[in-house]
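One file, query_26.cif, is given below (mmCIF, C-alpha atoms).
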data_target
loop_
_atom_site.label_atom_id
_atom_site.label_comp_id
_atom_site.auth_asym_id
_atom_site.auth_seq_id
_atom_site.Cartn_x
_atom_site.Cartn_y
_atom_site.Cartn_z
CA MET A 86 0.00 0.00 0.00
CA LEU A 87 1.17 3.48 -0.81
CA LYS A 88 1.30 5.86 2.10
CA PRO A 89 -0.22 9.30 1.56
CA PHE A 90 2.13 12.03 0.38
CA GLN A 91 1.85 15.61 -0.71
CA LEU A 92 2.24 16.19 -4.42
CA HIS A 93 4.20 19.15 -5.75
CA GLU A 94 4.06 20.08 -9.40
CA PRO A 95 6.62 22.79 -10.16
CA THR A 96 6.63 24.27 -13.63
CA THR A 97 10.26 25.41 -13.68
CA VAL A 98 13.56 23.74 -12.76
CA GLU A 99 14.24 26.51 -10.23
CA GLU A 100 10.93 25.92 -8.52
CA ALA A 101 11.60 22.16 -8.39
CA ILE A 102 14.99 22.72 -6.79
CA SER A 103 13.57 25.07 -4.24
CA VAL A 104 10.90 22.52 -3.22
CA LEU A 105 13.53 19.77 -3.05
CA GLY A 106 15.78 22.01 -0.97
CA LYS A 107 12.97 22.89 1.39
CA PHE A 108 11.95 19.31 2.20
CA GLY A 109 15.35 17.59 1.90
CA ASP A 110 15.21 13.87 2.64
CA ASP A 111 11.42 14.01 3.10
CA ALA A 112 11.02 14.67 -0.62
CA SER A 113 11.71 12.67 -3.73
CA VAL A 114 11.77 13.64 -7.36
CA TYR A 115 9.02 11.80 -9.20
CA ALA A 116 9.27 11.28 -12.95
CA GLY A 117 8.00 7.99 -14.42
CA GLY A 118 7.67 6.43 -10.99
CA THR A 119 8.18 2.91 -12.31
CA GLU A 120 10.89 2.14 -9.75
CA LEU A 121 10.06 4.69 -7.06
CA LEU A 122 6.42 3.64 -6.67
CA LEU A 123 7.38 -0.03 -6.41
CA ALA A 124 9.80 0.74 -3.59
CA MET A 125 7.22 2.98 -1.90
CA LYS A 126 4.48 0.35 -2.17
CA GLU A 127 6.80 -2.16 -0.53
CA GLY A 128 7.57 0.35 2.22
CA LEU A 129 11.28 0.28 1.31
CA LEU A 130 11.16 4.02 0.68
CA SER A 131 8.85 6.55 2.22
CA TYR A 132 8.44 10.23 1.39
CA ASP A 133 6.02 12.87 2.62
CA HIS A 134 6.53 14.87 -0.57
CA LEU A 135 6.77 13.84 -4.20
CA VAL A 136 7.94 16.42 -6.69
CA ASN A 137 6.46 15.65 -10.10
CA ILE A 138 8.87 17.13 -12.63
CA LYS A 139 6.79 16.23 -15.68
CA ALA A 140 4.96 19.55 -15.54
CA ILE A 141 8.21 21.37 -16.35
CA PRO A 142 7.98 22.31 -20.04
CA GLY A 143 10.73 21.01 -22.31
CA LEU A 144 12.21 18.56 -19.83
CA ASP A 145 11.14 15.65 -22.04
CA VAL A 146 13.24 16.84 -24.98
CA VAL A 147 14.98 14.41 -27.34
CA ASP A 148 17.03 16.63 -29.60
CA TYR A 149 20.09 16.27 -31.79
CA ASP A 150 22.54 19.02 -32.58
CA GLU A 151 24.08 18.30 -35.96
CA SER A 152 26.96 20.73 -35.45
CA THR A 153 28.16 19.16 -32.19
CA GLY A 154 26.94 15.61 -32.87
CA VAL A 155 25.37 15.51 -29.42
CA LEU A 156 21.97 14.03 -28.56
CA THR A 157 20.25 15.77 -25.66
CA VAL A 158 17.81 13.65 -23.69
CA GLY A 159 15.71 15.51 -21.14
CA ALA A 160 15.20 14.00 -17.69
CA THR A 161 11.58 13.07 -18.33
CA ALA A 162 11.98 11.54 -21.81
CA THR A 163 10.58 8.02 -21.59
CA HIS A 164 12.22 4.81 -22.70
CA ARG A 165 9.47 4.58 -25.28
CA ALA A 166 10.29 8.03 -26.68
CA LEU A 167 13.86 6.87 -27.27
CA GLU A 168 12.77 3.48 -28.57
CA TYR A 169 10.54 4.98 -31.25
CA SER A 170 12.40 8.20 -32.10
CA PRO A 171 13.38 8.03 -35.81
CA LEU A 172 16.25 10.38 -35.04
CA VAL A 173 17.63 8.10 -32.34
CA GLY A 174 17.08 5.04 -34.54
CA GLU A 175 19.07 6.59 -37.34
CA LYS A 176 21.94 8.24 -35.50
CA PHE A 177 22.07 6.42 -32.16
CA SER A 178 20.98 2.91 -33.07
CA LEU A 179 22.65 1.38 -30.02
CA ILE A 180 20.23 3.39 -27.86
CA SER A 181 17.10 2.30 -29.73
CA ASP A 182 18.37 -1.26 -29.83
CA VAL A 183 18.80 -1.42 -26.05
CA GLU A 184 15.75 0.67 -25.19
CA HIS A 185 13.60 -1.69 -27.24
CA ARG A 186 14.60 -4.44 -24.83
CA VAL A 187 14.20 -2.57 -21.52
CA ALA A 188 11.67 -4.23 -19.18
CA ASN A 189 8.29 -4.42 -20.97
CA VAL A 190 6.09 -2.09 -23.05
CA ARG A 191 4.25 -0.73 -20.03
CA VAL A 192 7.41 0.20 -18.15
CA ARG A 193 8.98 1.71 -21.28
CA ASN A 194 5.84 3.75 -21.87
CA VAL A 195 6.06 5.42 -18.45
CA GLY A 196 9.62 5.03 -17.16
CA THR A 197 12.22 7.68 -17.94
CA LEU A 198 15.91 7.46 -18.76
CA GLY A 199 16.68 10.18 -16.21
CA GLY A 200 14.77 8.39 -13.48
CA ASN A 201 16.50 5.12 -14.33
CA LEU A 202 19.91 6.77 -13.92
CA CYS A 203 19.06 8.52 -10.66
CA PHE A 204 17.53 5.39 -9.16
CA ALA A 205 20.74 3.51 -10.02
CA GLU A 206 19.27 0.03 -9.68
CA PRO A 207 22.24 -2.21 -10.57
CA HIS A 208 20.17 -4.68 -12.63
CA SER A 209 19.44 -2.27 -15.42
CA ASP A 210 20.29 -1.77 -19.12
CA PRO A 211 20.67 1.96 -19.89
CA GLY A 212 23.82 2.61 -17.87
CA VAL A 213 25.74 0.31 -20.20
CA PHE A 214 24.93 2.14 -23.41
CA LEU A 215 25.47 5.52 -21.80
CA LEU A 216 28.97 4.45 -20.75
CA LEU A 217 29.71 3.26 -24.28
CA TYR A 218 28.75 6.68 -25.63
CA ASP A 219 30.77 8.54 -22.96
CA ALA A 220 27.53 10.28 -22.01
CA GLU A 221 27.31 13.09 -19.47
CA VAL A 222 24.55 14.21 -17.16
CA GLU A 223 23.73 17.78 -16.26
CA LEU A 224 22.49 18.47 -12.76
CA VAL A 225 21.08 21.73 -11.52
CA GLY A 226 21.01 22.61 -7.85
CA SER A 227 20.77 25.68 -5.66
CA GLY A 228 24.49 26.24 -6.23
CA GLY A 229 24.16 26.20 -10.02
CA ALA A 230 24.62 23.65 -12.76
CA ARG A 231 27.28 20.98 -13.12
CA LYS A 232 28.13 18.29 -15.62
CA GLN A 233 29.50 14.88 -14.87
CA SER A 234 30.18 11.73 -16.85
CA VAL A 235 27.63 8.97 -16.30
CA GLU A 236 30.58 6.82 -15.29
CA ASP A 237 31.35 9.09 -12.33
CA PHE A 238 27.71 9.88 -11.61
CA ILE A 239 26.71 6.33 -10.65
CA LEU A 240 28.49 5.43 -7.41
CA GLY A 241 26.96 2.05 -6.62
CA PRO A 242 23.64 0.33 -5.94
CA TYR A 243 20.94 3.01 -5.62
CA GLU A 244 23.61 5.63 -5.14
CA THR A 245 24.65 8.54 -7.32
CA THR A 246 26.42 11.84 -6.75
CA ARG A 247 23.09 13.69 -6.97
CA GLU A 248 22.46 15.86 -3.92
CA PRO A 249 18.93 15.88 -2.47
CA ASP A 250 18.34 19.39 -3.80
CA GLU A 251 19.74 18.67 -7.24
CA LEU A 252 17.72 17.83 -10.32
CA LEU A 253 19.11 15.84 -13.22
CA THR A 254 17.94 17.94 -16.15
CA THR A 255 19.55 16.44 -19.25
CA ILE A 256 21.69 13.57 -20.48
CA GLU A 257 24.09 14.44 -23.27
CA VAL A 258 25.12 11.69 -25.63
CA PRO A 259 27.87 12.26 -28.21
CA ARG A 260 27.76 10.19 -31.39
CA LEU A 261 29.95 7.15 -31.80
CA PRO A 262 32.88 7.44 -34.21
CA GLU A 263 31.99 6.98 -37.86
CA GLY A 264 31.98 3.35 -38.95
CA SER A 265 31.33 1.94 -35.46
CA ARG A 266 29.16 -1.13 -35.02
CA HIS A 267 27.67 -2.33 -31.79
CA ALA A 268 26.42 -5.37 -29.95
CA TYR A 269 24.38 -5.49 -26.76
CA ILE A 270 23.88 -8.83 -25.12
CA LYS A 271 21.23 -9.00 -22.46
CA PHE A 272 20.94 -12.20 -20.53
CA GLY A 273 18.72 -13.40 -17.73
CA TYR A 274 15.68 -15.38 -16.75
CA HIS A 275 14.24 -12.80 -14.40
CA GLU A 276 12.33 -9.63 -15.25
CA ARG A 277 15.48 -7.61 -14.66
CA PRO A 278 18.65 -8.43 -16.58
CA SER A 279 21.24 -10.70 -14.96
CA LEU A 280 23.89 -9.41 -17.33
CA GLY A 281 24.23 -6.66 -19.89
CA LEU A 282 27.31 -6.56 -22.07
CA GLY A 283 27.72 -3.75 -24.56
CA LEU A 284 30.44 -3.43 -27.10
CA VAL A 285 31.26 -0.88 -29.80
CA ALA A 286 33.83 -1.80 -32.41
CA ARG A 287 35.33 -0.22 -35.48
CA VAL A 288 37.09 -2.53 -37.87
CA ASP A 289 39.64 -1.13 -40.27
CA ASN A 290 41.43 -3.33 -42.77
CA GLY A 291 40.77 -6.51 -40.85
CA THR A 292 41.98 -4.95 -37.60
CA LEU A 293 40.06 -3.94 -34.51
CA ALA A 294 40.88 -0.24 -34.86
CA ASP A 295 38.77 0.84 -31.92
CA ILE A 296 36.74 -0.86 -29.23
CA ARG A 297 34.67 0.13 -26.22
CA ILE A 298 33.37 -2.39 -23.70
CA ALA A 299 30.88 -1.85 -20.89
CA VAL A 300 29.28 -4.29 -18.49
CA GLY A 301 26.24 -3.89 -16.32
CA SER A 302 23.89 -5.81 -14.00
CA VAL A 303 26.45 -8.37 -12.78
CA GLY A 304 27.97 -6.11 -10.12
CA PRO A 305 27.25 -2.99 -8.06
CA LYS A 306 27.22 -0.61 -11.03
CA PRO A 307 27.78 -0.44 -14.79
CA VAL A 308 31.46 -0.08 -15.73
CA ARG A 309 33.63 0.61 -18.74
CA VAL A 310 36.50 -1.87 -19.01
CA ARG A 311 39.31 0.24 -20.38
CA ASN A 312 42.17 -2.19 -19.81
CA ALA A 313 40.32 -4.87 -21.76
CA GLU A 314 39.65 -2.35 -24.53
CA GLU A 315 43.36 -1.49 -24.55
CA ARG A 316 44.28 -5.16 -24.65
CA LEU A 317 42.04 -5.88 -27.64
CA ARG A 318 42.60 -2.68 -29.60
CA GLY A 319 44.77 -3.27 -32.66
CA ALA A 320 44.18 -7.01 -32.75
CA SER A 321 43.55 -8.45 -36.16
CA LEU A 322 40.23 -10.21 -36.54
CA ALA A 323 42.09 -13.41 -37.41
CA ASP A 324 43.77 -13.18 -33.99
CA LEU A 325 40.45 -12.82 -32.22
CA PHE A 326 38.60 -15.90 -33.30
CA GLY A 327 39.10 -19.57 -33.59
CA ASN A 328 42.59 -20.46 -32.41
CA THR A 329 44.47 -21.12 -29.19
CA GLN A 330 46.04 -17.66 -28.98
CA SER A 331 42.72 -15.91 -29.55
CA SER A 332 41.19 -18.01 -26.83
CA ALA A 333 43.95 -16.92 -24.43
CA LEU A 334 43.49 -13.28 -25.47
CA LEU A 335 39.75 -13.40 -24.85
CA ASP A 336 40.30 -15.22 -21.55
CA GLU A 337 42.54 -12.38 -20.49
CA ALA A 338 40.07 -9.70 -21.58
CA GLY A 339 37.28 -11.64 -19.87
CA ARG A 340 39.23 -11.67 -16.61
CA MET A 341 39.74 -7.90 -16.88
CA MET A 342 35.99 -7.50 -17.37
CA ALA A 343 35.26 -9.63 -14.32
CA GLU A 344 37.73 -7.63 -12.25
CA ALA A 345 36.20 -4.32 -13.31
CA ALA A 346 32.57 -5.41 -13.00
CA GLU A 347 33.00 -7.05 -9.57
CA PRO A 348 30.28 -9.67 -10.04
CA VAL A 349 28.25 -10.35 -6.94
CA THR A 350 26.47 -13.52 -5.92
CA ASP A 351 22.73 -12.91 -5.83
CA LEU A 352 19.45 -14.44 -6.97
CA HIS A 353 20.62 -14.08 -10.56
CA GLY A 354 23.55 -16.42 -10.00
CA SER A 355 26.91 -16.83 -8.32
CA ALA A 356 29.82 -14.50 -8.96
CA GLU A 357 31.72 -17.37 -10.62
CA TYR A 358 28.82 -18.05 -12.94
CA LYS A 359 28.64 -14.40 -13.97
CA GLU A 360 32.40 -14.31 -14.60
CA HIS A 361 31.99 -17.28 -16.87
CA LEU A 362 29.13 -15.58 -18.70
CA LEU A 363 31.23 -12.47 -19.26
CA ARG A 364 33.88 -14.46 -21.09
CA VAL A 365 31.31 -16.34 -23.17
CA PHE A 366 29.35 -13.25 -24.13
CA LEU A 367 32.48 -11.20 -24.84
CA GLU A 368 33.23 -13.53 -27.73
CA GLU A 369 29.63 -13.48 -28.93
CA ALA A 370 29.46 -9.68 -28.79
CA LEU A 371 32.80 -9.34 -30.57
CA GLU A 372 31.62 -11.61 -33.35
CA GLU A 373 28.37 -9.68 -33.69
CA ALA A 374 30.05 -6.27 -33.77
CA THR A 375 32.90 -7.19 -36.09
CA ARG A 376 31.48 -9.72 -38.51
CA GLY A 377 28.17 -8.07 -39.45
CA MET B 825 -0.20 13.75 6.32
CA SER B 826 -3.14 16.06 6.51
CA GLU B 827 -6.06 15.33 4.22
CA ASP B 828 -6.30 18.65 2.37
CA HIS B 829 -4.15 17.58 -0.56
CA ARG B 830 -6.94 16.19 -2.67
CA LEU B 831 -6.91 16.80 -6.39
CA GLN B 832 -9.81 17.37 -8.71
CA ILE B 833 -9.21 15.45 -11.93
CA SER B 834 -11.14 15.03 -15.15
CA PHE B 835 -10.54 12.34 -17.72
CA VAL B 836 -12.38 10.06 -20.07
CA VAL B 837 -12.89 6.38 -19.35
CA ASN B 838 -14.21 4.22 -22.16
CA GLY B 839 -15.69 7.27 -23.82
CA ARG B 840 -17.42 8.50 -20.66
CA PRO B 841 -16.22 11.71 -18.97
CA VAL B 842 -15.24 11.31 -15.33
CA ASP B 843 -14.77 14.12 -12.82
CA THR B 844 -13.59 13.05 -9.44
CA GLU B 845 -11.68 14.13 -6.38
CA ILE B 846 -8.77 11.89 -5.41
CA GLU B 847 -5.79 11.74 -3.13
CA PRO B 848 -2.41 11.91 -4.87
CA HIS B 849 -1.39 8.43 -3.71
CA LEU B 850 -4.45 6.73 -5.20
CA LEU B 851 -3.44 4.19 -7.86
CA LEU B 852 -5.25 4.11 -11.17
CA LEU B 853 -6.15 0.44 -10.64
CA ASP B 854 -7.93 1.26 -7.38
CA LEU B 855 -9.73 4.22 -8.93
CA LEU B 856 -10.98 2.03 -11.77
CA ARG B 857 -11.96 -0.96 -9.66
CA ASP B 858 -13.20 0.63 -6.44
CA LYS B 859 -14.60 4.00 -7.53
CA LEU B 860 -15.69 3.32 -11.09
CA ALA B 861 -16.62 -0.37 -10.66
CA LEU B 862 -14.54 -1.39 -13.68
CA LYS B 863 -13.23 -4.77 -12.53
CA GLY B 864 -11.63 -5.96 -15.76
CA ALA B 865 -8.11 -4.84 -14.80
CA LYS B 866 -6.75 -7.19 -12.13
CA ARG B 867 -4.25 -6.72 -9.33
CA SER B 868 -1.87 -9.65 -9.53
CA CYS B 869 1.91 -9.30 -9.26
CA ASP B 870 1.56 -5.64 -8.21
CA MET B 871 5.03 -4.91 -9.62
CA GLN B 872 4.55 -4.30 -13.36
CA VAL B 873 5.73 -7.73 -14.36
CA CYS B 874 2.57 -9.71 -15.16
CA GLY B 875 0.37 -7.31 -17.12
CA ALA B 876 -2.94 -8.37 -15.54
CA CYS B 877 -3.64 -4.73 -14.59
CA THR B 878 -2.93 -3.38 -18.09
CA VAL B 879 -5.13 -0.51 -19.26
CA LEU B 880 -4.57 1.92 -22.10
CA VAL B 881 -3.87 5.58 -21.40
CA ASP B 882 -4.20 7.56 -24.63
CA GLY B 883 -3.87 4.26 -26.46
CA ASN B 884 -0.66 3.13 -24.76
CA PRO B 885 -0.46 0.35 -22.18
CA VAL B 886 0.36 1.09 -18.54
CA SER B 887 0.45 -1.06 -15.42
CA SER B 888 -2.41 0.54 -13.53
CA CYS B 889 -1.19 -1.13 -10.29
CA THR B 890 1.86 1.12 -10.28
CA TYR B 891 0.46 4.21 -11.97
CA LEU B 892 -0.82 7.12 -9.95
CA ALA B 893 -4.41 7.93 -10.77
CA PHE B 894 -3.80 11.67 -11.04
CA GLU B 895 -1.56 10.98 -14.05
CA ALA B 896 -4.68 10.02 -15.98
CA ARG B 897 -6.06 13.57 -15.84
CA GLY B 898 -6.81 14.92 -19.27
CA THR B 899 -6.31 11.52 -20.89
CA ASP B 900 -8.47 8.93 -22.57
CA VAL B 901 -8.40 5.68 -20.62
CA THR B 902 -9.55 2.40 -22.14
CA THR B 903 -10.30 -0.68 -20.06
CA ILE B 904 -11.52 -4.02 -21.34
CA GLU B 905 -15.08 -2.89 -20.56
CA GLY B 906 -14.76 -0.17 -23.18
CA LEU B 907 -13.58 -2.30 -26.06
CA ALA B 908 -16.87 -3.71 -27.32
CA ASP B 909 -19.14 -1.48 -29.35
CA GLY B 910 -22.40 -2.10 -27.52
CA GLU B 911 -23.27 -5.74 -28.16
CA LYS B 912 -20.66 -6.01 -30.90
CA LEU B 913 -17.40 -7.43 -29.66
CA HIS B 914 -14.05 -6.06 -30.75
CA PRO B 915 -12.30 -8.30 -33.34
CA LEU B 916 -9.64 -9.11 -30.72
CA MET B 917 -12.33 -10.35 -28.34
CA GLU B 918 -13.92 -12.45 -31.07
CA ALA B 919 -10.55 -13.85 -32.09
CA PHE B 920 -9.67 -14.78 -28.48
CA ILE B 921 -13.02 -16.59 -28.15
CA ASP B 922 -12.83 -18.37 -31.51
CA ASN B 923 -9.21 -19.47 -31.01
CA ALA B 924 -9.62 -20.42 -27.35
CA GLY B 925 -7.08 -17.73 -26.46
CA LEU B 926 -8.00 -17.96 -22.80
CA GLN B 927 -8.35 -20.59 -20.14
CA CYS B 928 -9.11 -19.07 -16.73
CA GLY B 929 -9.41 -15.59 -18.22
CA PHE B 930 -7.57 -13.70 -15.49
CA CYS B 931 -4.84 -12.35 -17.78
CA THR B 932 -7.18 -11.86 -20.74
CA PRO B 933 -8.20 -8.20 -20.30
CA GLY B 934 -4.53 -7.22 -20.10
CA MET B 935 -3.62 -9.49 -23.00
CA ILE B 936 -6.31 -8.05 -25.25
CA LEU B 937 -5.54 -4.44 -24.37
CA ALA B 938 -1.80 -4.91 -24.87
CA ALA B 939 -2.52 -6.62 -28.18
CA LYS B 940 -4.80 -3.77 -29.19
CA SER B 941 -2.05 -1.22 -28.59
CA LEU B 942 0.29 -3.35 -30.70
CA LEU B 943 -2.13 -3.68 -33.61
CA ASP B 944 -2.91 0.04 -33.49
CA LEU B 945 0.82 0.70 -33.79
CA ASN B 946 1.66 -2.09 -36.20
CA PRO B 947 -1.40 -3.63 -37.94
CA ARG B 948 0.56 -6.51 -39.45
CA PRO B 949 3.16 -7.60 -36.93
CA SER B 950 5.30 -10.67 -37.54
CA VAL B 951 5.06 -13.53 -35.06
CA GLU B 952 8.40 -12.39 -33.62
CA GLU B 953 7.12 -8.84 -33.21
CA VAL B 954 4.01 -10.09 -31.43
CA LYS B 955 6.11 -12.25 -29.08
CA GLU B 956 8.47 -9.38 -28.35
CA TYR B 957 5.69 -6.90 -27.68
CA MET B 958 3.60 -9.29 -25.57
CA ARG B 959 6.59 -10.47 -23.52
CA GLY B 960 5.42 -8.45 -20.53
CA ASN B 961 1.99 -10.08 -20.30
CA LEU B 962 2.02 -13.37 -18.46
CA CYS B 963 -0.48 -16.21 -18.63
CA ARG B 964 -0.24 -18.73 -15.79
CA CYS B 965 -2.44 -21.20 -17.64
CA THR B 966 0.45 -21.18 -20.17
CA GLY B 967 -1.86 -20.64 -23.08
CA TYR B 968 0.67 -18.64 -25.07
CA LYS B 969 0.29 -20.53 -28.33
CA LYS B 970 -3.43 -19.94 -28.46
CA ILE B 971 -2.93 -16.33 -27.42
CA LEU B 972 -0.48 -15.70 -30.24
CA GLU B 973 -2.85 -17.39 -32.70
CA SER B 974 -5.70 -15.22 -31.44
CA ILE B 975 -3.69 -12.04 -31.99
CA GLU B 976 -2.63 -13.11 -35.47
CA ASP B 977 -6.23 -13.96 -36.30
CA ALA B 978 -7.40 -10.60 -34.95
CA ALA B 979 -4.81 -8.78 -37.04
CA GLN B 980 -6.25 -10.45 -40.12
CA ARG B 981 -9.84 -9.70 -39.12
CA MET B 982 -8.96 -6.06 -38.53
CA GLN B 983 -7.45 -5.82 -41.99
CA GLY B 984 -10.98 -6.57 -43.15
#
Starting from the coordinates I provided, produce the structure as structure tokens.
Amino acid sequence: MLKPFQLHEPTTVEEAISVLGKFGDDASVYAGGTELLLAMKEGLLSYDHLVNIKAIPGLDVVDYDESTGVLTVGATATHRALEYSPLVGEKFSLISDVEHRVANVRVRNVGTLGGNLCFAEPHSDPGVFLLLYDAEVELVGSGGARKQSVEDFILGPYETTREPDELLTTIEVPRLPEGSRHAYIKFGYHERPSLGLGLVARVDNGTLADIRIAVGSVGPKPVRVRNAEERLRGASLADLFGNTQSSALLDEAGRMMAEAAEPVTDLHGSAEYKEHLLRVFLEEALEEATRG
Amino acid sequence: MSEDHRLQISFVVNGRPVDTEIEPHLLLLDLLRDKLALKGAKRSCDMQVCGACTVLVDGNPVSSCTYLAFEARGTDVTTIEGLADGEKLHPLMEAFIDNAGLQCGFCTPGMILAAKSLLDLNPRPSVEEVKEYMRGNLCRCTGYKKILESIEDAAQRMQG
């Protein structure tokens, strides 16, 4: 059962911040509510004040700036808006590909990307693609605005750097380098993903010219695995698949991924099991992203 | 909390205008079932996983068990009770009956409404597209095959 709360519906960011500042820990930002309301119904979270930010005009923007190559996603843009945006589909196909597989149609229809990030539930897809894009969030608080990479923004399970009186206003997503291809492997038997492995690769002349790897859901937070990227960058495709050396190389990269992702044992499986999955799916994702 | 935080909301349910005063924490499912006596949407998992509470808000499916009622203000809400045109059943309803797309019937309102939103969006979905879209609606009688056949049949009927 939901406990009664007072609803606030500010129409400007400034007003929202002032309400959040006034009530502090007794208030929560409310956007899609898909995660917040579940936790409140279970009594895991309780707030006397909910601040509905969907009445703030323009906060649901999904806009692309051709000159900078940056996609701006407003805090209240829904998963569905990203899933069906022709612009996103054309220029940010990794986003539409992953968003299409988030939860189910009802959650995507209501849930927001901004809310997903701020809630920082570890078993979640969007963090992975945002890390692959080197995305940044903008937060506005009483002290002004600040930008931070998504990588630094998410601290751990249900924890971000957002202060109680700060509002995440936009997520900025730069385009991937020309010629990049992606793979996103989502695995699990529960409603939430047990593992999300994202990979962006650019192949040049039979060589892995560039690669980005991110892993989510297996550990406390989504992570980029830069040492594994470094290890694989420059490898020829022939070196990556189908022989003893390639197997050793992928084993090594897989271990780096496991180290970075810090798999935890939970209802989705043991840490060892998840480490094994990382290695298996690394190869699958590499094949998908490099072999068309 | 004091009780003076009630909201006056107006919206349309199954073509009928509704004006009502609610508390902000009222869930849409409870408004529909307890205040408007529309019992088609069911509370089941209560966590947006099963789809038994599915209703359409402006044509798009939501889990009414985890959707605040005030969010429906100004919208057009469709429940299973609003799908038939008087005595004439919706083609999805007919197709579910003719193809035995239900056993106990508990998930059926949600199934049919989710399927309606799919066919409105994509009138000729492939089997894979139907499976993908309907993934979030669970049937504990495990009648998925018949359900998929019903939706495919309905898609054909709706093409005319």
Go through the shown structure with the PyMOL selection byres ((chain A) within 8 of (chain B)) and write out the matching residues as JSON, numbers by chain. {"A": [87, 88, 89, 90, 91, 92, 118, 119, 122, 123, 133, 188, 189, 190, 191, 192, 194, 195, 276]}
Could the centre and edge lengths of an axis-aligned box, enclosing all atoms of segment 136-148 of chain A in the file with 4 Å extra on each side, be given in Å to one decimal as AutoDock Vina command-line options?
--center_x 11.0 --center_y 18.4 --center_z -18.1 --size_x 20.1 --size_y 15.9 --size_z 30.9
Write out as an MDAnalysis selection string which residues come within 8 Å of segment 945-947 of chain B when counting all atoms listed in the file, dropping same-chain ones fewer than 6 positions away. chainID B and resid 979 982:983
Could you take the residues named above and write them with C-alpha atoms, as a JSON list (two decimals), keeping the file's coordinate frame?
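result06.json written:
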[["chain", "number", "residue", "atom", "x", "y", "z"],
["B", 979, "ALA", "CA", -4.81, -8.78, -37.04],
["B", 982, "MET", "CA", -8.96, -6.06, -38.53],
["B", 983, "GLN", "CA", -7.45, -5.82, -41.99]]
Any chance you could work out the residue set of the PyMOL selection byres ((chain A and resi 316-329) around 10) here, as a VMD selection string? chain A and resid 286 to 297 311 to 315 330 to 335 337 to 338 341 368 371 to 372 375 to 376
Using all atoms listed in the file: which of A:Ser103, A:Thr97, A:Thr157, A:Asn137 has the shortest distance to Leu172 of chain A: A:Thr157
Expanded to explicit residues, what is the PyMOL selection byres ((chain A and resi 185) around 12) for this file, as a PDB file with C-alpha atoms, keeping the file's coordinate frame?
ATOM      1  CA  THR A 163      10.580   8.020 -21.590  1.00  0.00           C
ATOM      2  CA  HIS A 164      12.220   4.810 -22.700  1.00  0.00           C
ATOM      3  CA  ARG A 165       9.470   4.580 -25.280  1.00  0.00           C
ATOM      4  CA  ALA A 166      10.290   8.030 -26.680  1.00  0.00           C
ATOM      5  CA  LEU A 167      13.860   6.870 -27.270  1.00  0.00           C
ATOM      6  CA  GLU A 168      12.770   3.480 -28.570  1.00  0.00           C
ATOM      7  CA  TYR A 169      10.540   4.980 -31.250  1.00  0.00           C
ATOM      8  CA  SER A 170      12.400   8.200 -32.100  1.00  0.00           C
ATOM      9  CA  VAL A 173      17.630   8.100 -32.340  1.00  0.00           C
ATOM     10  CA  GLY A 174      17.080   5.040 -34.540  1.00  0.00           C
ATOM     11  CA  SER A 178      20.980   2.910 -33.070  1.00  0.00           C
ATOM     12  CA  LEU A 179      22.650   1.380 -30.020  1.00  0.00           C
ATOM     13  CA  ILE A 180      20.230   3.390 -27.860  1.00  0.00           C
ATOM     14  CA  SER A 181      17.100   2.300 -29.730  1.00  0.00           C
ATOM     15  CA  ASP A 182      18.370  -1.260 -29.830  1.00  0.00           C
ATOM     16  CA  VAL A 183      18.800  -1.420 -26.050  1.00  0.00           C
ATOM     17  CA  GLU A 184      15.750   0.670 -25.190  1.00  0.00           C
ATOM     18  CA  ARG A 186      14.600  -4.440 -24.830  1.00  0.00           C
ATOM     19  CA  VAL A 187      14.200  -2.570 -21.520  1.00  0.00           C
ATOM     20  CA  ALA A 188      11.670  -4.230 -19.180  1.00  0.00           C
ATOM     21  CA  ASN A 189       8.290  -4.420 -20.970  1.00  0.00           C
ATOM     22  CA  VAL A 190       6.090  -2.090 -23.050  1.00  0.00           C
ATOM     23  CA  ARG A 191       4.250  -0.730 -20.030  1.00  0.00           C
ATOM     24  CA  VAL A 192       7.410   0.200 -18.150  1.00  0.00           C
ATOM     25  CA  ARG A 193       8.980   1.710 -21.280  1.00  0.00           C
ATOM     26  CA  ASN A 194       5.840   3.750 -21.870  1.00  0.00           C
ATOM     27  CA  ASP A 210      20.290  -1.770 -19.120  1.00  0.00           C
ATOM     28  CA  PRO A 211      20.670   1.960 -19.890  1.00  0.00           C
ATOM     29  CA  TYR A 269      24.380  -5.490 -26.760  1.00  0.00           C
ATOM     30  CA  LYS A 271      21.230  -9.000 -22.460  1.00  0.00           C
TER      31      LYS A 271
ATOM     32  CA  GLU B 953       7.120  -8.840 -33.210  1.00  0.00           C
ATOM     33  CA  GLU B 956       8.470  -9.380 -28.350  1.00  0.00           C
ATOM     34  CA  TYR B 957       5.690  -6.900 -27.680  1.00  0.00           C
ATOM     35  CA  ARG B 959       6.590 -10.470 -23.520  1.00  0.00           C
TER      36      ARG B 959
END
Pick from A:Arg247, A:His208, A:Lys306, A:His275: nearest to Glu223 of chain A, with all atoms listed in the file counted?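 Residue with the minimum atom-to-atom distance to Glu223 of chain A: A:Arg247.
Note that the spacing between atom CA of Pro242 of chain A and atom CA of Arg340 of chain A amounts to 22.4 Å.
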Calculate how many Å separate atom CA of Phe894 of chain B from atom CA of Leu855 of chain B, rounding to one decimal.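 Atom-to-atom, atom CA of Phe894 of chain B to atom CA of Leu855 of chain B, that is 9.8 Å.
The nearest approach to Ile975 of chain B among the residues B:Ile846, B:Asp944, B:Gln927, B:Leu916, with only C-alpha atoms taken into account, belongs to B:Leu916.
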